[in-house]
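Here's the structure we're looking at; comments come further down.
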Amino acid sequence: MRQAGVIGAGLMGTACTRRLLQAGIGVTAYDVDEAKRAAIAKLGARVSTSAADLARECREIVLCVFNTAQVESVVEGEQGVLDGAASNAGPYTLICTSTCDPDRLAALARRVAQRGCRVLEVPISGTSRQVAEGKGVGLIGGNQDVMEEVTALLDAICPRRNYLGDVGNGSRAKL
């Protein structure tokens, strides 16, 4: 079974987790909030104790955190994705559903590429309820080949989506 990671177990992370599980994709989830980890475990997700531990298990990771600073922190910070990725050969694919500062996300994508991580930007137009119902629209920025590699995840999370070119363009379109 394909196993995806989800970082962030709030409304959007929970909606994405539900969609992935319904599609037959296993999920390992992480959130800084212990109560949110417990709640997402009840949906059938395995729970990890850090973003680094999650990255040791999953090479396809959906980021469902609040903003650009949190994306940077869970990827590059202490016990972040890059710490876990360092122990495994890549490639890693980070699917960022957060609406981010386009220039900062593009810069992050360039930095992490040197460490075997590819960023696919997928800010979602729609509420968490719409995502849970399969009605959210993904605004995709990043490499088209990477997008094709994770089609099963994208089909589960946002069956409707538009490819917009480089990383940063998704957030630009949404903003």
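Chain lettering (A, B, ...) mirrors the order of the structure tokens, residue numbering begins at 1 for each chain separately, and ligand numbering begins at 1 in order of display.
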
Requested in this report: Quick one: pick out all strand (DSSP E or B) residues within stretch 4-150 of chain A from a backbone DSSP run and write them as an MDAnalysis selection string.
Outcome: chainID A and resid 4:7 26:30 46:47 60:63 92:96 117:121 124:125 137:141

Go through stretch 38-143 of chain A residue by residue and, counting only C-alpha atoms, keep those with an atom at most 6 Å from stretch 160-174 of chain A; for each kept residue give the shortest atom pair and its distance in Å to one decimal, ordered by chain and increasing number, as CSV.
```
residue,atom,partner,partner_atom,distance
A:Thr99,CA,A:Ser171,CA,5.5
A:Cys100,CA,A:Ser171,CA,5.9
A:Pro102,CA,A:Gly168,CA,4.0
A:Ala106,CA,A:Val167,CA,5.4
A:Glu121,CA,A:Val167,CA,5.8
A:Val137,CA,A:Arg160,CA,5.0
A:Gly138,CA,A:Arg161,CA,4.3
A:Leu139,CA,A:Gly170,CA,4.7
A:Ile140,CA,A:Tyr163,CA,4.7
A:Gly141,CA,A:Val167,CA,4.2
A:Gly142,CA,A:Val167,CA,4.5
```

Dump of N, CA, C and O atoms for the selected residues, as a compact mmCIF listing (two decimals), in the first residue's frame:
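As a result, result.txt now contains:
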```
# COMPACT_ATOMS: atom_id res chain seq x y z
N THR A 99 -1.38 28.16 1.60
CA THR A 99 -1.22 29.34 0.75
C THR A 99 -0.04 30.12 1.32
O THR A 99 -0.10 30.59 2.45
N CYS A 100 1.02 30.19 0.54
CA CYS A 100 2.28 30.75 1.03
C CYS A 100 2.67 32.02 0.29
O CYS A 100 2.13 32.33 -0.77
N PRO A 102 4.58 33.54 -2.27
CA PRO A 102 5.09 32.88 -3.46
C PRO A 102 6.61 32.89 -3.59
O PRO A 102 7.22 31.87 -3.95
N ALA A 106 9.10 29.60 -3.37
CA ALA A 106 10.00 29.29 -4.48
C ALA A 106 11.44 29.19 -3.99
O ALA A 106 12.19 28.29 -4.41
N GLU A 121 3.63 22.79 -5.20
CA GLU A 121 2.75 23.74 -4.53
C GLU A 121 1.31 23.44 -4.94
O GLU A 121 1.01 23.39 -6.14
N VAL A 137 -10.40 22.95 -5.24
CA VAL A 137 -9.67 23.07 -6.49
C VAL A 137 -8.20 23.36 -6.17
O VAL A 137 -7.89 24.35 -5.50
N GLY A 138 -7.32 22.49 -6.64
CA GLY A 138 -5.88 22.67 -6.42
C GLY A 138 -5.29 23.58 -7.47
O GLY A 138 -5.59 23.46 -8.67
N LEU A 139 -4.46 24.51 -7.04
CA LEU A 139 -3.76 25.44 -7.93
C LEU A 139 -2.29 25.06 -7.91
O LEU A 139 -1.57 25.45 -7.00
N ILE A 140 -1.85 24.30 -8.89
CA ILE A 140 -0.57 23.61 -8.82
C ILE A 140 0.57 24.40 -9.46
O ILE A 140 0.48 24.83 -10.61
N GLY A 141 1.65 24.52 -8.68
CA GLY A 141 2.89 25.08 -9.18
C GLY A 141 4.02 24.10 -8.92
O GLY A 141 4.08 23.50 -7.85
N GLY A 142 4.86 23.90 -9.90
CA GLY A 142 5.98 22.98 -9.74
C GLY A 142 6.22 22.18 -11.02
O GLY A 142 5.59 22.41 -12.05
```

Could you build a table of the residues in stretch 146-165 of chain A lying no more than 12 Å from stretch 73-93 of chain A, giving for each the nearest pair of atoms and their separation in Å rounded to one decimal place, using only C-alpha atoms, ordered by chain and ascending residue number, as a Markdown table?
```
| residue | atom | partner | partner_atom | distance |
| --- | --- | --- | --- | --- |
| A:Val146 | CA | A:Thr93 | CA | 7.7 |
| A:Met147 | CA | A:Thr93 | CA | 9.4 |
| A:Glu148 | CA | A:Thr93 | CA | 11.6 |
| A:Glu149 | CA | A:Thr93 | CA | 9.2 |
| A:Val150 | CA | A:Thr93 | CA | 8.4 |
| A:Thr151 | CA | A:Thr93 | CA | 12.0 |
| A:Leu153 | CA | A:Thr93 | CA | 11.2 |
```

Query raised in the report: Could you state the separation of atom CA of A:Ile40 and atom CA of A:Arg18 in Å, given to one decimal place?
Result: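 Here the two named atoms are 9.0 Å from each other.
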
Report task. Could you find all residues in stretch 9-104 of chain A that DSSP calls alpha helix (DSSP H) from the backbone, and write them as a PyMOL selection string? Result -> chain A and resi 11-22+34-41+51-57+68-76+81-85+102-104

Write the residues of the selection above to a file with C-alpha atoms, as a CSV table (one decimal), in the first residue's frame.
```
chain,number,residue,atom,x,y,z
A,11,LEU,CA,-9.2,21.2,9.5
A,12,MET,CA,-7.4,20.9,6.2
A,13,GLY,CA,-5.0,18.2,7.3
A,14,THR,CA,-7.9,16.2,8.6
A,15,ALA,CA,-9.8,16.6,5.3
A,16,CYS,CA,-6.8,15.6,3.3
A,17,THR,CA,-6.2,12.6,5.5
A,18,ARG,CA,-9.8,11.4,5.1
A,19,ARG,CA,-9.6,11.7,1.3
A,20,LEU,CA,-6.3,9.8,1.2
A,21,LEU,CA,-7.6,7.0,3.4
A,22,GLN,CA,-10.8,6.8,1.4
A,34,GLU,CA,-1.1,15.9,20.9
A,35,ALA,CA,-4.9,16.1,20.9
A,36,LYS,CA,-4.9,16.6,17.1
A,37,ARG,CA,-2.6,13.6,16.7
A,38,ALA,CA,-5.0,11.5,18.8
A,39,ALA,CA,-8.0,12.7,16.8
A,40,ILE,CA,-6.4,11.9,13.5
A,41,ALA,CA,-5.4,8.5,14.7
A,51,ALA,CA,8.1,15.7,11.2
A,52,ALA,CA,11.6,14.1,11.0
A,53,ASP,CA,10.2,10.7,12.1
A,54,LEU,CA,7.4,11.0,9.6
A,55,ALA,CA,10.0,11.7,6.8
A,56,ARG,CA,11.9,8.5,7.8
A,57,GLU,CA,8.7,6.6,6.9
A,68,THR,CA,4.8,30.1,5.0
A,69,ALA,CA,6.8,30.4,8.3
A,70,GLN,CA,5.2,27.1,9.5
A,71,VAL,CA,6.0,25.4,6.1
A,72,GLU,CA,9.7,26.5,6.5
A,73,SER,CA,9.8,25.4,10.1
A,74,VAL,CA,8.4,21.8,9.5
A,75,VAL,CA,10.7,21.4,6.5
A,76,GLU,CA,14.0,23.0,7.6
A,81,VAL,CA,11.5,16.9,7.3
A,82,LEU,CA,15.0,17.5,6.2
A,83,ASP,CA,16.4,16.0,9.4
A,84,GLY,CA,14.4,12.8,8.7
A,85,ALA,CA,15.3,12.8,5.0
A,102,PRO,CA,5.1,32.9,-3.5
A,103,ASP,CA,8.7,34.1,-3.4
A,104,ARG,CA,9.5,32.5,-0.1
```

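Residues in contact range of stretch 4-9 of chain A, defined as at most 6 Å between only C-alpha atoms, with sequence neighbours fewer than 5 positions away removed, read A:Thr14, A:Val27, A:Thr28, A:Ala29, A:Tyr30, A:Asp31, A:Lys36, A:Cys58, A:Glu60, A:Ile61, A:Val62, A:Leu63, A:Cys64, A:Val65.
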
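The two atoms in question, atom CA of A:Leu94 and atom CA of A:Gln114, are spaced 13.8 Å apart.
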
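In terms of minimum interatomic distance to A:Val47, A:Asp33 ranks closest within A:Asp33, A:Phe66, A:Ala152, A:Asp101, counting only C-alpha atoms.
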
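Using only C-alpha atoms, the nearest neighbour of A:Ser125 within the list A:Gly10, A:Ser48, A:Ser98, A:Gly24 is A:Ser98.
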
Query - Residue nearest A:Gly134 - candidates A:Val32, A:Ala23, A:Cys117, A:Lys42, atoms counted: only C-alpha atoms - result: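 Among the listed residues, A:Ala23 lies closest to A:Gly134.
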